Each structure stands twice: as C-alpha cells, then as structure tokens.
Amino acid sequence: MSAEYKNDVEAINALRRKFDELKHEITKVIYGQDEIVEQVLISLFSQGHVLLIGVPGLAKTLLVTTISRVLGLKYNRVQFTPDLMPSDIIGTEILDNERQFKFIEGPLFANIILADEINRTPPKTQSALLEAMQERAVTTAGQRFKLEEPFFVLATQNPIEQEGTYPLPEAQLDRFMFSVWLDYPKLADEITIVKNTTSTVEYELKPVITGKEILFFQQLIRKVPINDNVLEYAVKLAVKTRPGTPGAAEAANQYLKWGAGPRASQYLVLGAKTHAALHGKYSPDIEDVKAIAPSILRHRIIKNYKAEAENISVDTIIEKLL
C-alpha cells in the first residue's frame, strides 16, 4: 500500500481520477478515438501490450506519442523495415579505448516503445522484440539485461499493402494483450481534426502520472477481488473459442480452425479488473469482461475455410460467442 492512500478503495478512487485526467489531456490532441485511448490505458495498467491496426493517416503514431507525453515516461520510436537487425533495437557491443567490450543500449531501453509497422521486419528482429515483451529483459552476446519498468510496447500494423511484409506469427500475436482496430473518424470529428491541424493551434500537454505511480497501480489492479462466477465466465468464454473441445461453442465448431489459449483467459480477467477500476467499480462483473473481450480474442482465434467462404468476420464470430 502506498503511503499516500489509507486503503485500496481510496487507491482505486485515485486511479479513476488519474484515468480521467489522462483522457482529458490526450483528447486535446486525439479526437473521436475515446474507446481506443481507453483500451490503450487499460492495457497499460494491466501490464499488457497493444497492437494497433489501421490504414495510414489515422493518427496511430500521433496517438502513441501523445500518450507517452502525458505519461511522463521515456519513449522511443522504432520504424520497422525489412533490413532492421536485432542489434538495431537491442543494442550492440563496441570495443572502447581500453580494449574492453562495452554494451551500447538500443532504443528498446525505454518505458514506451512504438514499434511502427511491426510486420515490415523479418522474424529474426520480431523475435528480439518478443523476448523483451514477455521477459521484460533482453539477451545479447550471452548477457542478460533487465529493462526498466514499466515497459509497454505499442505496435502498429497496416492492414492494406501486404507486399514485402512478414505476418506476425501466432506466438507473437499472443503476446499482445489487445488487438485494436482503428476506423475512419466520424464526419464531425474529422472536421474538428482538419480545422485544428491546419491552423496554428498548439496544445500544451502536461505529464499526469509518473512511472512509479503506474507500477503501484499495476500491482493494485492485481489485488482487485473478482467473484468466482465472473472468473468462470471469463475462462469459459476462452474455452468456447476452441473448436473440437468439450466446451466449444457451436459458432467455434462451425467457423474456427483454432481458438484462444489460456493467456486469453488471464487477460480477460486482468482486463475486466482494470476496466472495472477505471469506471469506479471495486470488483468486475460480466459486463466488464464483455467490454474488453473483442480486443482480447480478435487476434487469438483463426477462422476456417467455411468462415472465409461465407465472408464472416472474426468480430461477428466473437459476438456470437458473447
């Protein structure tokens, strides 16, 4: 328990206030993407990573840079290209003046990493990022280096133009807590965006939360109690996606080739706890699980030929499961 707060209830109330402040600051720059902003912040407080998928020009990069500014954390952007090597992101050893090998840290040594167009780099470099995301550490030249906490990867991916890309393997996709689809803004939002970005208007963003506070709140989320029926609902939801198993739903047997693994169950519970806490509740209910389920399951279930032939989307299948 932080010395600032008398008990966990007070700490949850403080988290809710911080969340409102963060949203207020971010929406000065990012319009009409409230749901996306909320999901990124849920993932941050749940110690997860986010994959943002959307066509060019939807302010994916601006969203990440804005969030990093209001979080007051060290931020690095890595533009993934086909010739990027693991040492380009992890760092490399050089021979110094005393003829000793010295490790020079790469851009991965930061709190927030923007992995821009992650599917444009070969699997060798993708796997270097995979270790950092899972272990919060990197290994180079036989040495292991711990990364500074909090550590948060936001990767972007472009769904069009698949030439020259290396699709992320399922194992790496599973490391992302959320897969978030960015859609075109509504007309009114786009008018505001264009008005503000084509004038001299500049917004002063102030950091709202420190790294130390984020670590405290991440631990607080894990202490949030959850009823057995809600926990069971979350686990059964993940089980429902697994075709050919006893707990599989009819929609899964009909349209899915593979379902979500146990990591989905863990993230459904953690995400529901965070969603509840950010909305002023002290324990999650089934509605909290449903609110975050699409983004958690979207990249973990694989459609079969029948779903492809009938042009049924992953989100439609998830709706059937819910």
# chains A, B, ... in the order shown; residues from 1 in each chain; ligands from 1
call {"tool": "closest_atom_pairs", "arguments": {"of": "stretch 250-311 of chain A", "to": "stretch 214-219 of chain A", "cutoff": "12 Å", "atoms": "only C-alpha atoms", "output": "JSON lines"}}
result
{"residue": "A:Leu270", "atom": "CA", "partner": "A:Gln218", "partner_atom": "CA", "distance": 10.0}
{"residue": "A:Gly271", "atom": "CA", "partner": "A:Gln218", "partner_atom": "CA", "distance": 11.3}
{"residue": "A:Lys273", "atom": "CA", "partner": "A:Gln218", "partner_atom": "CA", "distance": 10.7}
{"residue": "A:Thr274", "atom": "CA", "partner": "A:Gln218", "partner_atom": "CA", "distance": 8.9}
{"residue": "A:Ala277", "atom": "CA", "partner": "A:Phe217", "partner_atom": "CA", "distance": 10.1}
{"residue": "A:Leu278", "atom": "CA", "partner": "A:Phe217", "partner_atom": "CA", "distance": 10.9}
call {"tool": "write_last_selection", "arguments": {"atoms": "N, CA and C atoms", "output": "mmCIF file, in the first residue's frame"}}
result
data_model
loop_
_atom_site.group_PDB
_atom_site.id
_atom_site.type_symbol
_atom_site.label_atom_id
_atom_site.label_comp_id
_atom_site.auth_asym_id
_atom_site.auth_seq_id
_atom_site.Cartn_x
_atom_site.Cartn_y
_atom_site.Cartn_z
ATOM 1 N N LEU A 270 -7.710 -9.971 -16.053
ATOM 2 C CA LEU A 270 -6.956 -8.745 -15.729
ATOM 3 C C LEU A 270 -7.609 -7.519 -16.361
ATOM 4 N N GLY A 271 -7.989 -7.661 -17.636
ATOM 5 C CA GLY A 271 -8.620 -6.545 -18.347
ATOM 6 C C GLY A 271 -9.938 -6.139 -17.710
ATOM 7 N N LYS A 273 -10.752 -6.530 -14.542
ATOM 8 C CA LYS A 273 -10.423 -5.850 -13.276
ATOM 9 C C LYS A 273 -10.064 -4.386 -13.538
ATOM 10 N N THR A 274 -9.232 -4.162 -14.564
ATOM 11 C CA THR A 274 -8.816 -2.789 -14.883
ATOM 12 C C THR A 274 -9.997 -1.971 -15.379
ATOM 13 N N ALA A 277 -12.092 -1.002 -12.425
ATOM 14 C CA ALA A 277 -11.434 0.011 -11.580
ATOM 15 C C ALA A 277 -11.479 1.395 -12.223
ATOM 16 N N LEU A 278 -11.269 1.451 -13.554
ATOM 17 C CA LEU A 278 -11.263 2.737 -14.251
ATOM 18 C C LEU A 278 -12.661 3.337 -14.363
#
call {"tool": "closest_atom_pairs", "arguments": {"of": "stretch 20-107 of chain A", "to": "stretch 157-181 of chain A", "cutoff": "8 Å", "atoms": "only C-alpha atoms", "output": "tab-separated table"}}
result
residue	atom	partner	partner_atom	distance
A:Ile36	CA	A:Val180	CA	7.1
A:Gln39	CA	A:Phe178	CA	7.7
A:Ser43	CA	A:Met177	CA	6.7
A:Gly48	CA	A:Met177	CA	5.1
A:His49	CA	A:Phe176	CA	4.9
A:Val50	CA	A:Phe178	CA	4.9
A:Leu51	CA	A:Ser179	CA	4.8
A:Leu52	CA	A:Val180	CA	5.0
A:Ile53	CA	A:Gln157	CA	4.9
A:Gly54	CA	A:Asn158	CA	5.6
A:Val55	CA	A:Asn158	CA	5.5
A:Pro56	CA	A:Asn158	CA	6.8
A:Pro82	CA	A:Gly164	CA	7.8
call {"tool": "residues_around", "arguments": {"residues": "A:Ile12", "least_positions_apart": "5", "cutoff": "10 Å", "atoms": "only C-alpha atoms", "output": "ChimeraX atom specification"}}
result
/A:5,7,17-18,217,220-221,224,274,276-282
call {"tool": "select_by_dssp", "arguments": {"residues": "stretch 1-77 of chain A", "states": "strand (DSSP E)", "output": "number ranges by chain"}}
result
A: 50-53, 75-77
call {"tool": "closest_residue", "arguments": {"among": "A:Ser199, A:Ser87, A:Ser68, A:Gln266", "to": "A:Pro107", "atoms": "only C-alpha atoms"}}
result
A:Ser87
call {"tool": "closest_residue", "arguments": {"among": "A:Arg300, A:Ala251, A:Pro284, A:Leu108", "to": "A:Ser265", "atoms": "only C-alpha atoms"}}
result
A:Arg300
call {"tool": "select_by_dssp", "arguments": {"residues": "stretch 94-233 of chain A", "states": "alpha helix (DSSP H)", "output": "VMD selection string"}}
result
chain A and resid 123 to 135 170 to 173 187 to 197 211 to 223 228 to 233
call {"tool": "write_last_selection", "arguments": {"atoms": "N, CA and C atoms", "output": "compact mmCIF listing (two decimals), in the first residue's frame"}}
result
# COMPACT_ATOMS: atom_id res chain seq x y z
N PRO A 123 11.29 -12.08 -39.26
CA PRO A 123 11.03 -12.78 -37.99
C PRO A 123 12.18 -12.70 -36.99
N LYS A 124 13.40 -12.64 -37.48
CA LYS A 124 14.57 -12.59 -36.57
C LYS A 124 14.50 -11.36 -35.67
N THR A 125 14.12 -10.22 -36.25
CA THR A 125 14.03 -8.98 -35.47
C THR A 125 12.74 -8.97 -34.64
N GLN A 126 11.67 -9.53 -35.22
CA GLN A 126 10.41 -9.63 -34.46
C GLN A 126 10.62 -10.43 -33.18
N SER A 127 11.42 -11.51 -33.26
CA SER A 127 11.61 -12.37 -32.09
C SER A 127 12.45 -11.68 -31.02
N ALA A 128 13.32 -10.74 -31.40
CA ALA A 128 14.08 -9.98 -30.40
C ALA A 128 13.14 -9.12 -29.57
N LEU A 129 12.12 -8.59 -30.24
CA LEU A 129 11.11 -7.79 -29.54
C LEU A 129 10.24 -8.69 -28.66
N LEU A 130 9.99 -9.92 -29.16
CA LEU A 130 9.16 -10.89 -28.44
C LEU A 130 9.74 -11.18 -27.04
N GLU A 131 11.05 -11.37 -26.97
CA GLU A 131 11.68 -11.66 -25.67
C GLU A 131 11.50 -10.48 -24.72
N ALA A 132 11.70 -9.28 -25.25
CA ALA A 132 11.57 -8.08 -24.41
C ALA A 132 10.13 -7.95 -23.88
N MET A 133 9.15 -8.25 -24.74
CA MET A 133 7.75 -8.12 -24.34
C MET A 133 7.38 -9.13 -23.26
N GLN A 134 7.88 -10.35 -23.41
CA GLN A 134 7.48 -11.40 -22.49
C GLN A 134 8.31 -11.38 -21.20
N GLU A 135 9.63 -11.24 -21.34
CA GLU A 135 10.54 -11.38 -20.19
C GLU A 135 10.88 -10.04 -19.53
N GLU A 170 1.67 -16.48 -34.81
CA GLU A 170 0.63 -16.56 -33.77
C GLU A 170 1.21 -16.39 -32.37
N ALA A 171 2.39 -16.99 -32.14
CA ALA A 171 3.02 -16.91 -30.80
C ALA A 171 3.31 -15.46 -30.42
N GLN A 172 3.70 -14.66 -31.42
CA GLN A 172 3.98 -13.25 -31.11
C GLN A 172 2.69 -12.45 -30.96
N LEU A 173 1.70 -12.76 -31.79
CA LEU A 173 0.41 -12.07 -31.66
C LEU A 173 -0.17 -12.30 -30.27
N LEU A 187 -17.68 12.07 -39.33
CA LEU A 187 -17.60 13.33 -40.08
C LEU A 187 -17.31 14.52 -39.16
N ALA A 188 -18.08 14.65 -38.07
CA ALA A 188 -17.91 15.79 -37.15
C ALA A 188 -16.50 15.80 -36.56
N ASP A 189 -16.00 14.60 -36.19
CA ASP A 189 -14.65 14.51 -35.62
C ASP A 189 -13.60 14.89 -36.66
N GLU A 190 -13.82 14.43 -37.91
CA GLU A 190 -12.85 14.73 -38.96
C GLU A 190 -12.79 16.22 -39.26
N ILE A 191 -13.95 16.87 -39.19
CA ILE A 191 -13.98 18.34 -39.40
C ILE A 191 -13.14 19.03 -38.32
N THR A 192 -13.32 18.59 -37.05
CA THR A 192 -12.54 19.16 -35.94
C THR A 192 -11.05 18.90 -36.14
N ILE A 193 -10.71 17.67 -36.54
CA ILE A 193 -9.31 17.29 -36.75
C ILE A 193 -8.68 18.20 -37.80
N VAL A 194 -9.37 18.32 -38.93
CA VAL A 194 -8.81 19.11 -40.04
C VAL A 194 -8.71 20.58 -39.64
N LYS A 195 -9.73 21.10 -38.94
CA LYS A 195 -9.72 22.50 -38.51
C LYS A 195 -8.51 22.77 -37.60
N ASN A 196 -8.28 21.87 -36.65
CA ASN A 196 -7.22 22.11 -35.66
C ASN A 196 -5.82 21.80 -36.18
N THR A 197 -5.73 20.87 -37.15
CA THR A 197 -4.38 20.51 -37.63
C THR A 197 -3.93 21.37 -38.80
N GLY A 211 6.11 7.04 -13.61
CA GLY A 211 6.37 5.61 -13.76
C GLY A 211 6.13 4.86 -12.46
N LYS A 212 6.52 5.49 -11.34
CA LYS A 212 6.37 4.87 -10.03
C LYS A 212 4.88 4.66 -9.71
N GLU A 213 4.06 5.67 -10.05
CA GLU A 213 2.61 5.56 -9.81
C GLU A 213 1.99 4.46 -10.68
N ILE A 214 2.47 4.36 -11.92
CA ILE A 214 1.95 3.33 -12.83
C ILE A 214 2.24 1.94 -12.25
N LEU A 215 3.47 1.74 -11.75
CA LEU A 215 3.84 0.44 -11.16
C LEU A 215 2.96 0.13 -9.95
N PHE A 216 2.68 1.16 -9.15
CA PHE A 216 1.82 0.97 -7.97
C PHE A 216 0.41 0.55 -8.40
N PHE A 217 -0.13 1.26 -9.41
CA PHE A 217 -1.49 0.95 -9.86
C PHE A 217 -1.56 -0.43 -10.54
N GLN A 218 -0.47 -0.83 -11.23
CA GLN A 218 -0.45 -2.16 -11.86
C GLN A 218 -0.57 -3.26 -10.80
N GLN A 219 0.10 -3.05 -9.67
CA GLN A 219 0.01 -4.03 -8.57
C GLN A 219 -1.37 -3.97 -7.91
N LEU A 220 -1.91 -2.74 -7.82
CA LEU A 220 -3.23 -2.55 -7.21
C LEU A 220 -4.31 -3.33 -7.99
N ILE A 221 -4.21 -3.29 -9.34
CA ILE A 221 -5.19 -3.98 -10.19
C ILE A 221 -5.22 -5.47 -9.85
N ARG A 222 -4.05 -6.05 -9.60
CA ARG A 222 -3.98 -7.49 -9.31
C ARG A 222 -4.65 -7.82 -7.98
N LYS A 223 -4.76 -6.81 -7.11
CA LYS A 223 -5.39 -7.04 -5.80
C LYS A 223 -6.91 -6.88 -5.84
N ASP A 228 -16.22 -15.55 -8.19
CA ASP A 228 -15.97 -16.80 -8.90
C ASP A 228 -16.80 -16.93 -10.17
N ASN A 229 -18.04 -16.42 -10.13
CA ASN A 229 -18.90 -16.57 -11.33
C ASN A 229 -18.36 -15.72 -12.49
N VAL A 230 -17.77 -14.57 -12.18
CA VAL A 230 -17.20 -13.70 -13.24
C VAL A 230 -15.93 -14.34 -13.80
N LEU A 231 -15.10 -14.88 -12.90
CA LEU A 231 -13.87 -15.56 -13.29
C LEU A 231 -14.21 -16.75 -14.20
N GLU A 232 -15.23 -17.50 -13.78
CA GLU A 232 -15.65 -18.69 -14.55
C GLU A 232 -16.17 -18.28 -15.92
N TYR A 233 -16.94 -17.16 -15.96
CA TYR A 233 -17.46 -16.66 -17.24
C TYR A 233 -16.30 -16.34 -18.20
call {"tool": "atom_distance", "arguments": {"atom1": "atom CA of A:Leu73", "atom2": "atom CA of A:Thr92"}}
result
23.5 Å
call {"tool": "residues_around", "arguments": {"residues": "stretch 236-239 of chain A", "least_positions_apart": "5", "cutoff": "8 Å", "atoms": "only C-alpha atoms", "output": "list in words"}}
result
Gly247, Ala248, Gly259, Ala260, Gly261, Pro262, Ala264, Ser265, Leu297, Leu321 and Leu322 of chain A
call {"tool": "atom_distance", "arguments": {"atom1": "atom CA of A:Leu62", "atom2": "atom CA of A:Lys290"}}
result
28.3 Å
call {"tool": "closest_residue", "arguments": {"among": "A:Leu15, A:Val138, A:Ala291, A:Leu256", "to": "A:Val269", "atoms": "only C-alpha atoms"}}
result
A:Ala291
call {"tool": "closest_residue", "arguments": {"among": "A:Ala110, A:Leu147, A:Ile302, A:Ile42", "to": "A:Asp288", "atoms": "only C-alpha atoms"}}
result
A:Ile42
call {"tool": "atom_distance", "arguments": {"atom1": "atom CA of A:Asp83", "atom2": "atom CA of A:Glu105"}}
result
19.3 Å
call {"tool": "closest_residue", "arguments": {"among": "A:Ala115, A:Thr61, A:Pro246, A:Pro86", "to": "A:Ala141", "atoms": "only C-alpha atoms"}}
result
A:Pro86
call {"tool": "closest_residue", "arguments": {"among": "A:Val235, A:Ala59, A:Ile89, A:Ala137", "to": "A:Thr156", "atoms": "only C-alpha atoms"}}
result
A:Ala59
